[in-house]
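One file, target36.cif, is given below (mmCIF, N, CA, C and O atoms).
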data_upload
#
loop_
_atom_site.label_atom_id
_atom_site.label_comp_id
_atom_site.auth_asym_id
_atom_site.auth_seq_id
_atom_site.Cartn_x
_atom_site.Cartn_y
_atom_site.Cartn_z
N MET A 261 0.82 -1.19 0.00
CA MET A 261 0.00 0.00 0.00
C MET A 261 0.87 1.26 0.00
O MET A 261 0.48 2.25 -0.59
N ASP A 262 2.03 1.20 0.64
CA ASP A 262 2.91 2.37 0.66
C ASP A 262 3.30 2.77 -0.76
O ASP A 262 3.43 3.96 -1.06
N GLU A 263 3.47 1.79 -1.63
CA GLU A 263 3.86 2.07 -3.01
C GLU A 263 2.77 2.80 -3.79
O GLU A 263 3.05 3.41 -4.82
N LEU A 264 1.54 2.75 -3.32
CA LEU A 264 0.43 3.40 -4.02
C LEU A 264 0.30 4.88 -3.69
O LEU A 264 -0.46 5.59 -4.34
N HIS A 265 1.01 5.32 -2.64
CA HIS A 265 1.03 6.74 -2.26
C HIS A 265 -0.38 7.33 -2.13
O HIS A 265 -0.68 8.39 -2.69
N GLY A 266 -1.26 6.63 -1.42
CA GLY A 266 -2.59 7.14 -1.15
C GLY A 266 -3.63 6.85 -2.21
O GLY A 266 -4.79 7.23 -2.05
N GLN A 267 -3.25 6.19 -3.29
CA GLN A 267 -4.22 5.83 -4.31
C GLN A 267 -5.16 4.75 -3.75
O GLN A 267 -4.75 3.92 -2.96
N PRO A 268 -6.41 4.74 -4.16
CA PRO A 268 -7.35 3.74 -3.65
C PRO A 268 -7.02 2.34 -4.15
O PRO A 268 -6.50 2.17 -5.26
N ALA A 269 -7.32 1.36 -3.32
CA ALA A 269 -7.08 -0.04 -3.69
C ALA A 269 -8.08 -0.93 -2.97
O ALA A 269 -8.50 -0.63 -1.85
N MET A 270 -8.44 -2.02 -3.64
CA MET A 270 -9.29 -3.02 -3.01
C MET A 270 -8.61 -4.37 -3.13
O MET A 270 -8.17 -4.75 -4.21
N TRP A 271 -8.51 -5.07 -2.02
CA TRP A 271 -7.91 -6.40 -1.95
C TRP A 271 -9.00 -7.40 -1.65
O TRP A 271 -10.06 -7.04 -1.13
N LEU A 272 -8.74 -8.66 -1.94
CA LEU A 272 -9.72 -9.72 -1.70
C LEU A 272 -9.27 -10.67 -0.60
O LEU A 272 -8.09 -11.03 -0.54
N THR A 273 -10.23 -11.08 0.25
CA THR A 273 -9.95 -12.18 1.15
C THR A 273 -9.91 -13.45 0.31
O THR A 273 -10.41 -13.47 -0.82
N VAL A 274 -9.30 -14.48 0.85
CA VAL A 274 -9.13 -15.72 0.09
C VAL A 274 -9.58 -16.92 0.92
O VAL A 274 -9.67 -16.85 2.14
N ARG A 275 -9.84 -18.02 0.21
CA ARG A 275 -10.23 -19.26 0.86
C ARG A 275 -9.82 -20.41 -0.04
O ARG A 275 -9.83 -20.28 -1.26
N THR A 276 -9.45 -21.51 0.56
CA THR A 276 -9.19 -22.75 -0.17
C THR A 276 -9.94 -23.88 0.51
O THR A 276 -10.45 -23.72 1.62
N LEU A 277 -9.92 -25.03 -0.12
CA LEU A 277 -10.53 -26.22 0.47
C LEU A 277 -9.48 -27.15 1.08
O LEU A 277 -9.82 -28.22 1.56
N LEU A 278 -8.22 -26.71 1.08
CA LEU A 278 -7.13 -27.56 1.56
C LEU A 278 -6.97 -27.46 3.06
O LEU A 278 -7.11 -26.38 3.64
N SER A 279 -6.63 -28.57 3.68
CA SER A 279 -6.44 -28.58 5.14
C SER A 279 -4.97 -28.67 5.54
O SER A 279 -4.65 -28.57 6.72
N SER A 280 -4.06 -28.83 4.57
CA SER A 280 -2.64 -28.88 4.89
C SER A 280 -1.83 -28.30 3.74
O SER A 280 -2.34 -28.12 2.64
N GLY A 281 -0.57 -28.00 4.05
CA GLY A 281 0.33 -27.46 3.04
C GLY A 281 0.32 -25.94 3.01
O GLY A 281 -0.41 -25.29 3.76
N PRO A 282 1.14 -25.36 2.14
CA PRO A 282 1.28 -23.89 2.10
C PRO A 282 0.02 -23.17 1.63
O PRO A 282 -0.14 -21.98 1.90
N TRP A 283 -0.89 -23.85 0.95
CA TRP A 283 -2.13 -23.23 0.48
C TRP A 283 -3.33 -23.64 1.33
O TRP A 283 -4.48 -23.46 0.93
N ALA A 284 -3.06 -24.16 2.52
CA ALA A 284 -4.13 -24.60 3.41
C ALA A 284 -4.97 -23.42 3.88
O ALA A 284 -4.50 -22.28 3.95
N GLU A 285 -6.19 -23.71 4.23
CA GLU A 285 -7.11 -22.67 4.69
C GLU A 285 -6.56 -21.90 5.89
O GLU A 285 -6.77 -20.69 5.99
N ALA A 286 -5.84 -22.56 6.76
CA ALA A 286 -5.26 -21.86 7.92
C ALA A 286 -4.31 -20.75 7.46
O ALA A 286 -4.26 -19.67 8.07
N GLU A 287 -3.58 -20.99 6.40
CA GLU A 287 -2.68 -19.96 5.85
C GLU A 287 -3.49 -18.83 5.22
O GLU A 287 -3.11 -17.66 5.29
N MET A 288 -4.59 -19.16 4.60
CA MET A 288 -5.44 -18.15 3.99
C MET A 288 -6.03 -17.23 5.06
O MET A 288 -6.15 -16.02 4.86
N GLN A 289 -6.37 -17.81 6.21
CA GLN A 289 -6.90 -17.01 7.30
C GLN A 289 -5.87 -15.99 7.81
O GLN A 289 -6.23 -14.88 8.20
N LYS A 290 -4.60 -16.36 7.78
CA LYS A 290 -3.54 -15.42 8.17
C LYS A 290 -3.50 -14.24 7.21
O LYS A 290 -3.35 -13.10 7.61
N TRP A 291 -3.62 -14.54 5.91
CA TRP A 291 -3.65 -13.48 4.90
C TRP A 291 -4.84 -12.55 5.13
O TRP A 291 -4.71 -11.32 5.13
N ASN A 292 -6.01 -13.15 5.35
CA ASN A 292 -7.21 -12.36 5.55
C ASN A 292 -7.08 -11.45 6.77
O ASN A 292 -7.49 -10.28 6.74
N ALA A 293 -6.52 -11.96 7.84
CA ALA A 293 -6.31 -11.16 9.04
C ALA A 293 -5.33 -10.02 8.78
O ALA A 293 -5.53 -8.88 9.25
N ALA A 294 -4.28 -10.29 8.03
CA ALA A 294 -3.30 -9.25 7.69
C ALA A 294 -3.94 -8.15 6.84
O ALA A 294 -3.64 -6.97 7.02
N LEU A 295 -4.84 -8.53 5.94
CA LEU A 295 -5.54 -7.53 5.14
C LEU A 295 -6.37 -6.60 6.03
O LEU A 295 -6.35 -5.38 5.85
N MET A 296 -7.10 -7.17 6.96
CA MET A 296 -7.94 -6.35 7.83
C MET A 296 -7.09 -5.44 8.72
O MET A 296 -7.46 -4.29 8.96
N GLN A 297 -5.95 -5.94 9.16
CA GLN A 297 -5.05 -5.11 9.96
C GLN A 297 -4.51 -3.96 9.12
O GLN A 297 -4.48 -2.81 9.57
N ALA A 298 -4.12 -4.24 7.90
CA ALA A 298 -3.59 -3.20 7.02
C ALA A 298 -4.67 -2.17 6.68
O ALA A 298 -4.40 -0.98 6.56
N CYS A 299 -5.88 -2.63 6.53
CA CYS A 299 -6.98 -1.75 6.15
C CYS A 299 -7.21 -0.66 7.20
O CYS A 299 -7.58 0.46 6.87
N ARG A 300 -6.98 -0.98 8.44
CA ARG A 300 -7.13 0.02 9.50
C ARG A 300 -6.06 1.10 9.39
O ARG A 300 -6.24 2.22 9.85
N LYS A 301 -4.94 0.77 8.77
CA LYS A 301 -3.82 1.71 8.63
C LYS A 301 -3.96 2.61 7.41
O LYS A 301 -3.48 3.73 7.41
N TYR A 302 -4.61 2.10 6.36
CA TYR A 302 -4.69 2.82 5.10
C TYR A 302 -6.14 3.21 4.80
O TYR A 302 -6.95 2.36 4.44
N PRO A 303 -6.49 4.49 4.92
CA PRO A 303 -7.88 4.92 4.73
C PRO A 303 -8.40 4.73 3.31
O PRO A 303 -9.61 4.68 3.11
N HIS A 304 -7.53 4.56 2.33
CA HIS A 304 -7.98 4.39 0.95
C HIS A 304 -8.00 2.92 0.53
O HIS A 304 -8.12 2.60 -0.64
N MET A 305 -7.90 2.03 1.50
CA MET A 305 -7.90 0.60 1.22
C MET A 305 -9.25 0.00 1.62
O MET A 305 -9.85 0.38 2.62
N ARG A 306 -9.73 -0.93 0.81
CA ARG A 306 -10.93 -1.68 1.13
C ARG A 306 -10.62 -3.16 0.92
O ARG A 306 -9.72 -3.53 0.16
N VAL A 307 -11.39 -4.02 1.58
CA VAL A 307 -11.22 -5.46 1.47
C VAL A 307 -12.56 -6.07 1.09
O VAL A 307 -13.54 -5.93 1.82
N TYR A 308 -12.59 -6.69 -0.07
CA TYR A 308 -13.80 -7.41 -0.50
C TYR A 308 -13.74 -8.81 0.10
O TYR A 308 -12.79 -9.55 -0.10
N ASP A 309 -14.78 -9.19 0.82
CA ASP A 309 -14.82 -10.47 1.52
C ASP A 309 -15.27 -11.59 0.59
O ASP A 309 -16.34 -12.18 0.75
N TRP A 310 -14.42 -11.90 -0.38
CA TRP A 310 -14.68 -13.00 -1.32
C TRP A 310 -14.78 -14.33 -0.57
O TRP A 310 -15.59 -15.19 -0.90
N ALA A 311 -13.98 -14.52 0.47
CA ALA A 311 -13.96 -15.79 1.20
C ALA A 311 -15.33 -16.15 1.77
O ALA A 311 -15.67 -17.33 1.86
N SER A 312 -16.11 -15.15 2.13
CA SER A 312 -17.43 -15.44 2.69
C SER A 312 -18.47 -15.74 1.61
O SER A 312 -19.56 -16.22 1.92
N GLN A 313 -18.15 -15.47 0.36
CA GLN A 313 -19.13 -15.65 -0.71
C GLN A 313 -18.82 -16.81 -1.65
O GLN A 313 -19.72 -17.33 -2.29
N VAL A 314 -17.56 -17.22 -1.73
CA VAL A 314 -17.20 -18.30 -2.65
C VAL A 314 -17.84 -19.61 -2.18
O VAL A 314 -17.92 -19.89 -0.98
N ARG A 315 -18.32 -20.38 -3.12
CA ARG A 315 -18.97 -21.66 -2.80
C ARG A 315 -18.01 -22.81 -3.09
O ARG A 315 -17.22 -22.76 -4.03
N ASP A 316 -18.10 -23.85 -2.29
CA ASP A 316 -17.24 -25.03 -2.49
C ASP A 316 -17.36 -25.58 -3.90
O ASP A 316 -16.37 -26.03 -4.48
N SER A 317 -18.53 -25.54 -4.47
CA SER A 317 -18.75 -26.10 -5.81
C SER A 317 -18.05 -25.29 -6.91
O SER A 317 -17.95 -25.76 -8.04
N TRP A 318 -17.54 -24.11 -6.58
CA TRP A 318 -16.82 -23.30 -7.56
C TRP A 318 -15.34 -23.67 -7.64
O TRP A 318 -14.62 -23.12 -8.48
N PHE A 319 -14.87 -24.54 -6.77
CA PHE A 319 -13.47 -24.97 -6.78
C PHE A 319 -13.31 -26.19 -7.69
O PHE A 319 -14.18 -27.06 -7.72
N ILE A 320 -12.17 -26.26 -8.38
CA ILE A 320 -11.85 -27.49 -9.11
C ILE A 320 -11.22 -28.46 -8.11
O ILE A 320 -11.06 -28.13 -6.93
N SER A 321 -10.84 -29.62 -8.57
CA SER A 321 -10.40 -30.70 -7.68
C SER A 321 -9.13 -30.37 -6.88
O SER A 321 -8.89 -31.00 -5.86
N ASP A 322 -8.34 -29.39 -7.30
CA ASP A 322 -7.13 -29.07 -6.53
C ASP A 322 -7.45 -28.29 -5.26
O ASP A 322 -6.59 -28.09 -4.40
N GLY A 323 -8.68 -27.82 -5.10
CA GLY A 323 -9.09 -27.11 -3.89
C GLY A 323 -8.60 -25.68 -3.79
O GLY A 323 -8.81 -25.02 -2.78
N ILE A 324 -7.94 -25.20 -4.84
CA ILE A 324 -7.38 -23.84 -4.84
C ILE A 324 -7.99 -22.99 -5.95
O ILE A 324 -8.44 -21.88 -5.71
N HIS A 325 -7.98 -23.51 -7.16
CA HIS A 325 -8.45 -22.78 -8.33
C HIS A 325 -9.94 -23.03 -8.55
O HIS A 325 -10.53 -23.92 -7.95
N PHE A 326 -10.52 -22.23 -9.47
CA PHE A 326 -11.96 -22.26 -9.66
C PHE A 326 -12.37 -22.86 -11.01
O PHE A 326 -11.59 -22.89 -11.95
N THR A 327 -13.61 -23.25 -11.05
CA THR A 327 -14.23 -23.66 -12.31
C THR A 327 -14.49 -22.40 -13.13
O THR A 327 -14.36 -21.27 -12.63
N SER A 328 -14.90 -22.57 -14.36
CA SER A 328 -15.27 -21.41 -15.18
C SER A 328 -16.36 -20.59 -14.51
O SER A 328 -16.31 -19.36 -14.48
N LEU A 329 -17.35 -21.28 -13.96
CA LEU A 329 -18.41 -20.58 -13.24
C LEU A 329 -17.85 -19.82 -12.05
O LEU A 329 -18.23 -18.67 -11.79
N GLY A 330 -16.94 -20.43 -11.31
CA GLY A 330 -16.33 -19.77 -10.16
C GLY A 330 -15.59 -18.50 -10.54
O GLY A 330 -15.72 -17.46 -9.89
N TYR A 331 -14.80 -18.57 -11.61
CA TYR A 331 -14.09 -17.37 -12.07
C TYR A 331 -15.05 -16.31 -12.57
O TYR A 331 -14.86 -15.11 -12.34
N ARG A 332 -16.11 -16.72 -13.24
CA ARG A 332 -17.11 -15.77 -13.72
C ARG A 332 -17.80 -15.07 -12.54
O ARG A 332 -17.96 -13.84 -12.53
N GLU A 333 -18.18 -15.85 -11.53
CA GLU A 333 -18.81 -15.27 -10.34
C GLU A 333 -17.85 -14.32 -9.63
O GLU A 333 -18.25 -13.25 -9.19
N ARG A 334 -16.59 -14.73 -9.52
CA ARG A 334 -15.62 -13.87 -8.84
C ARG A 334 -15.48 -12.54 -9.57
O ARG A 334 -15.51 -11.48 -8.95
N ALA A 335 -15.34 -12.57 -10.88
CA ALA A 335 -15.19 -11.34 -11.66
C ALA A 335 -16.42 -10.44 -11.49
O ALA A 335 -16.30 -9.22 -11.27
N HIS A 336 -17.59 -11.04 -11.57
CA HIS A 336 -18.83 -10.27 -11.43
C HIS A 336 -18.93 -9.64 -10.04
O HIS A 336 -19.26 -8.46 -9.91
N ARG A 337 -18.61 -10.41 -9.03
CA ARG A 337 -18.74 -9.91 -7.66
C ARG A 337 -17.66 -8.88 -7.33
O ARG A 337 -17.91 -7.96 -6.55
N ILE A 338 -16.48 -9.03 -7.90
CA ILE A 338 -15.45 -8.00 -7.71
C ILE A 338 -15.92 -6.68 -8.30
O ILE A 338 -15.78 -5.62 -7.69
N ALA A 339 -16.49 -6.75 -9.50
CA ALA A 339 -17.02 -5.53 -10.13
C ALA A 339 -18.09 -4.88 -9.25
O ALA A 339 -18.11 -3.66 -9.07
N GLU A 340 -18.98 -5.70 -8.71
CA GLU A 340 -20.01 -5.17 -7.82
C GLU A 340 -19.40 -4.55 -6.56
O GLU A 340 -19.83 -3.50 -6.10
N ALA A 341 -18.40 -5.23 -6.00
CA ALA A 341 -17.74 -4.71 -4.79
C ALA A 341 -17.05 -3.38 -5.08
O ALA A 341 -17.12 -2.45 -4.26
N LEU A 342 -16.41 -3.27 -6.22
CA LEU A 342 -15.76 -2.00 -6.58
C LEU A 342 -16.79 -0.88 -6.70
O LEU A 342 -16.52 0.27 -6.33
N ALA A 343 -17.97 -1.21 -7.18
CA ALA A 343 -19.01 -0.21 -7.34
C ALA A 343 -19.50 0.34 -6.01
O ALA A 343 -19.92 1.49 -5.93
N VAL A 344 -19.45 -0.47 -4.95
CA VAL A 344 -19.93 -0.01 -3.65
C VAL A 344 -18.81 0.39 -2.70
O VAL A 344 -19.06 1.05 -1.70
N ALA A 345 -17.58 0.01 -3.01
CA ALA A 345 -16.47 0.23 -2.07
C ALA A 345 -16.10 1.69 -1.94
O ALA A 345 -15.87 2.18 -0.85
N ASP A 346 -15.96 2.40 -3.04
CA ASP A 346 -15.54 3.79 -3.08
C ASP A 346 -14.33 4.04 -2.18
O ASP A 346 -14.38 4.83 -1.25
N PRO A 347 -13.20 3.35 -2.45
CA PRO A 347 -12.02 3.53 -1.60
C PRO A 347 -11.37 4.89 -1.74
O PRO A 347 -10.46 5.23 -1.00
N ALA A 348 -11.85 5.73 -2.63
CA ALA A 348 -11.27 7.07 -2.79
C ALA A 348 -11.68 7.99 -1.65
O ALA A 348 -11.07 9.02 -1.44
N LYS A 349 -12.71 7.62 -0.90
CA LYS A 349 -13.16 8.44 0.23
C LYS A 349 -12.62 7.86 1.52
O LYS A 349 -12.61 6.66 1.72
N ASP A 350 -12.21 8.75 2.42
CA ASP A 350 -11.79 8.28 3.75
C ASP A 350 -13.01 7.71 4.46
O ASP A 350 -14.12 8.19 4.31
N ALA A 351 -12.76 6.67 5.25
CA ALA A 351 -13.85 6.05 5.98
C ALA A 351 -13.31 5.50 7.28
O ALA A 351 -12.13 5.21 7.39
N PRO A 352 -14.17 5.36 8.27
CA PRO A 352 -13.70 4.79 9.54
C PRO A 352 -13.26 3.33 9.35
O PRO A 352 -13.68 2.67 8.42
N PRO A 353 -12.39 2.85 10.23
CA PRO A 353 -11.83 1.49 10.08
C PRO A 353 -12.85 0.38 9.93
O PRO A 353 -12.60 -0.59 9.25
N ASP A 354 -14.03 0.50 10.54
CA ASP A 354 -15.00 -0.58 10.45
C ASP A 354 -15.66 -0.67 9.07
O ASP A 354 -16.43 -1.58 8.81
N SER A 355 -15.36 0.26 8.18
CA SER A 355 -15.94 0.19 6.84
C SER A 355 -14.98 -0.40 5.84
O SER A 355 -15.22 -0.35 4.64
N CYS A 356 -13.89 -0.99 6.28
CA CYS A 356 -12.91 -1.59 5.38
C CYS A 356 -13.51 -2.74 4.58
O CYS A 356 -13.24 -2.89 3.39
N LEU A 357 -14.30 -3.55 5.22
CA LEU A 357 -14.82 -4.77 4.59
C LEU A 357 -15.98 -4.42 3.67
O LEU A 357 -16.90 -3.69 4.04
N VAL A 358 -15.92 -4.96 2.45
CA VAL A 358 -16.92 -4.67 1.43
C VAL A 358 -17.60 -5.96 1.00
O VAL A 358 -16.94 -6.96 0.76
N LEU A 359 -18.91 -5.91 0.91
CA LEU A 359 -19.71 -7.00 0.34
C LEU A 359 -20.58 -6.38 -0.75
O LEU A 359 -21.19 -5.35 -0.53
N PRO A 360 -20.62 -7.03 -1.92
CA PRO A 360 -21.51 -6.49 -2.97
C PRO A 360 -22.95 -6.51 -2.51
O PRO A 360 -23.32 -7.25 -1.61
N ARG A 361 -23.74 -5.71 -3.17
CA ARG A 361 -25.17 -5.64 -2.82
C ARG A 361 -25.86 -6.95 -3.07
O ARG A 361 -25.52 -7.76 -3.83
#
What would the structure in this file look like if it were written as structure tokens?
Amino acid sequence: MDELHGQPAMWLTVRTLLSSGPWAEAEMQKWNAALMQACRKYPHMRVYDWASQVRDSWFISDGIHFTSLGYRERAHRIAEALAVADPAKDAPPDSCLVLPR
């Protein structure tokens, strides 16, 4: 975020179906927590909570990547989240998390 020099940005939470290894869900939770911590520091940052919206059926068998439908849903929902996030405006820390309408 420092490299953006105050420009607005939106990051996504992540989720996997894996229970072990470097891409395990426990590791994803660490990333998500770090995003929320950073969001409190940067007023022009927002976090779209993709992890709460992604469905298990959108994952392919590797438990990390998505089906065509999953990628289509993600793209659509990111666009919706950007439309409501408005990271260009300062907001209190509790407004970091964004969910599309």
**Request:** Take CA of Ala339 in chain A and atom C of Leu278 in chain A and report the distance between them in Å, one decimal.
**Result:**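 Interatomic distance here is 27.5 Å.
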request  = Taking the file as shown, find all residues satisfying the PyMOL selection byres ((chain A and resi 310) around 7) and write them as a PyMOL selection string.
outcome  = chain A and resi 271-275+307-309+311-315+358
Selection above as a file: N, CA, C and O atoms, as an mmCIF file, in the coordinates of the input:
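That gives us again.cif:
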data_model
loop_
_atom_site.group_PDB
_atom_site.id
_atom_site.type_symbol
_atom_site.label_atom_id
_atom_site.label_comp_id
_atom_site.auth_asym_id
_atom_site.auth_seq_id
_atom_site.Cartn_x
_atom_site.Cartn_y
_atom_site.Cartn_z
ATOM 1 N N TRP A 271 -8.510 -5.070 -2.020
ATOM 2 C CA TRP A 271 -7.910 -6.400 -1.950
ATOM 3 C C TRP A 271 -9.000 -7.400 -1.650
ATOM 4 O O TRP A 271 -10.060 -7.040 -1.130
ATOM 5 N N LEU A 272 -8.740 -8.660 -1.940
ATOM 6 C CA LEU A 272 -9.720 -9.720 -1.700
ATOM 7 C C LEU A 272 -9.270 -10.670 -0.600
ATOM 8 O O LEU A 272 -8.090 -11.030 -0.540
ATOM 9 N N THR A 273 -10.230 -11.080 0.250
ATOM 10 C CA THR A 273 -9.950 -12.180 1.150
ATOM 11 C C THR A 273 -9.910 -13.450 0.310
ATOM 12 O O THR A 273 -10.410 -13.470 -0.820
ATOM 13 N N VAL A 274 -9.300 -14.480 0.850
ATOM 14 C CA VAL A 274 -9.130 -15.720 0.090
ATOM 15 C C VAL A 274 -9.580 -16.920 0.920
ATOM 16 O O VAL A 274 -9.670 -16.850 2.140
ATOM 17 N N ARG A 275 -9.840 -18.020 0.210
ATOM 18 C CA ARG A 275 -10.230 -19.260 0.860
ATOM 19 C C ARG A 275 -9.820 -20.410 -0.040
ATOM 20 O O ARG A 275 -9.830 -20.280 -1.260
ATOM 21 N N VAL A 307 -11.390 -4.020 1.580
ATOM 22 C CA VAL A 307 -11.220 -5.460 1.470
ATOM 23 C C VAL A 307 -12.560 -6.070 1.090
ATOM 24 O O VAL A 307 -13.540 -5.930 1.820
ATOM 25 N N TYR A 308 -12.590 -6.690 -0.070
ATOM 26 C CA TYR A 308 -13.800 -7.410 -0.500
ATOM 27 C C TYR A 308 -13.740 -8.810 0.100
ATOM 28 O O TYR A 308 -12.790 -9.550 -0.100
ATOM 29 N N ASP A 309 -14.780 -9.190 0.820
ATOM 30 C CA ASP A 309 -14.820 -10.470 1.520
ATOM 31 C C ASP A 309 -15.270 -11.590 0.590
ATOM 32 O O ASP A 309 -16.340 -12.180 0.750
ATOM 33 N N ALA A 311 -13.980 -14.520 0.470
ATOM 34 C CA ALA A 311 -13.960 -15.790 1.200
ATOM 35 C C ALA A 311 -15.330 -16.150 1.770
ATOM 36 O O ALA A 311 -15.670 -17.330 1.860
ATOM 37 N N SER A 312 -16.110 -15.150 2.130
ATOM 38 C CA SER A 312 -17.430 -15.440 2.690
ATOM 39 C C SER A 312 -18.470 -15.740 1.610
ATOM 40 O O SER A 312 -19.560 -16.220 1.920
ATOM 41 N N GLN A 313 -18.150 -15.470 0.360
ATOM 42 C CA GLN A 313 -19.130 -15.650 -0.710
ATOM 43 C C GLN A 313 -18.820 -16.810 -1.650
ATOM 44 O O GLN A 313 -19.720 -17.330 -2.290
ATOM 45 N N VAL A 314 -17.560 -17.220 -1.730
ATOM 46 C CA VAL A 314 -17.200 -18.300 -2.650
ATOM 47 C C VAL A 314 -17.840 -19.610 -2.180
ATOM 48 O O VAL A 314 -17.920 -19.890 -0.980
ATOM 49 N N ARG A 315 -18.320 -20.380 -3.120
ATOM 50 C CA ARG A 315 -18.970 -21.660 -2.800
ATOM 51 C C ARG A 315 -18.010 -22.810 -3.090
ATOM 52 O O ARG A 315 -17.220 -22.760 -4.030
ATOM 53 N N VAL A 358 -15.920 -4.960 2.450
ATOM 54 C CA VAL A 358 -16.920 -4.670 1.430
ATOM 55 C C VAL A 358 -17.600 -5.960 1.000
ATOM 56 O O VAL A 358 -16.940 -6.960 0.760
#
Of the listed residues A:Lys290, A:Ser321, A:Gln297, A:Met305, that which approaches Leu277 in chain A most closely, counting all atoms listed in the file
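Comparing A:Lys290, A:Ser321, A:Gln297, A:Met305 against Leu277 in chain A, the winner is A:Ser321.
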With distances taken over only C-alpha atoms, the candidate from A:His265, A:Ala341, A:Gln289, A:Asp316 nearest Leu329 in chain A is A:Asp316
If you measure from atom C of Thr327 in chain A to atom C of Ala284 in chain A, what distance in Å do you get, rounded to one decimal?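 It comes out at 19.5 Å.
Checking A:Gly323, A:Arg306, A:Gln267, A:Met288 one by one against Ala345 in chain A, counting only C-alpha atoms, you find the shortest gap at A:Arg306.
Candidate residues A:Leu357, A:Asp322, A:Ser317, A:Arg332 were compared for distance to Trp283 in chain A, and the nearest is A:Asp322, using all atoms listed in the file.
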Next item on the list: Step one, run DSSP on the backbone; step two, keep only residues of chain A assigned to strand (DSSP E or B); then write them as an NGL selection string.
Entry: :A and (269-272 or 305-308 or 319 or 326 or 357-358)
Next item on the list: Could you tell me how far atom C of Ala286 in chain A lies from atom O of Cys356 in chain A, in Å and to one decimal?
Entry: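 Pair atom C of Ala286 in chain A / atom O of Cys356 in chain A returns 20.4 Å.
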Counting only N, CA, C and O atoms, closest pick from A:Met261, A:Pro268, A:Thr276, A:Phe319 relative to Ala298 in chain A is A:Met261
Among A:Leu359, A:Met296, A:Trp318, A:Leu342, Ala269 in chain A is approached most closely, using only C-alpha atoms, by A:Leu342
* Step one, run DSSP on the backbone; step two, keep only residues of chain A assigned to alpha helix (DSSP H); then write them as number ranges by chain. => A: 285-301, 328-345
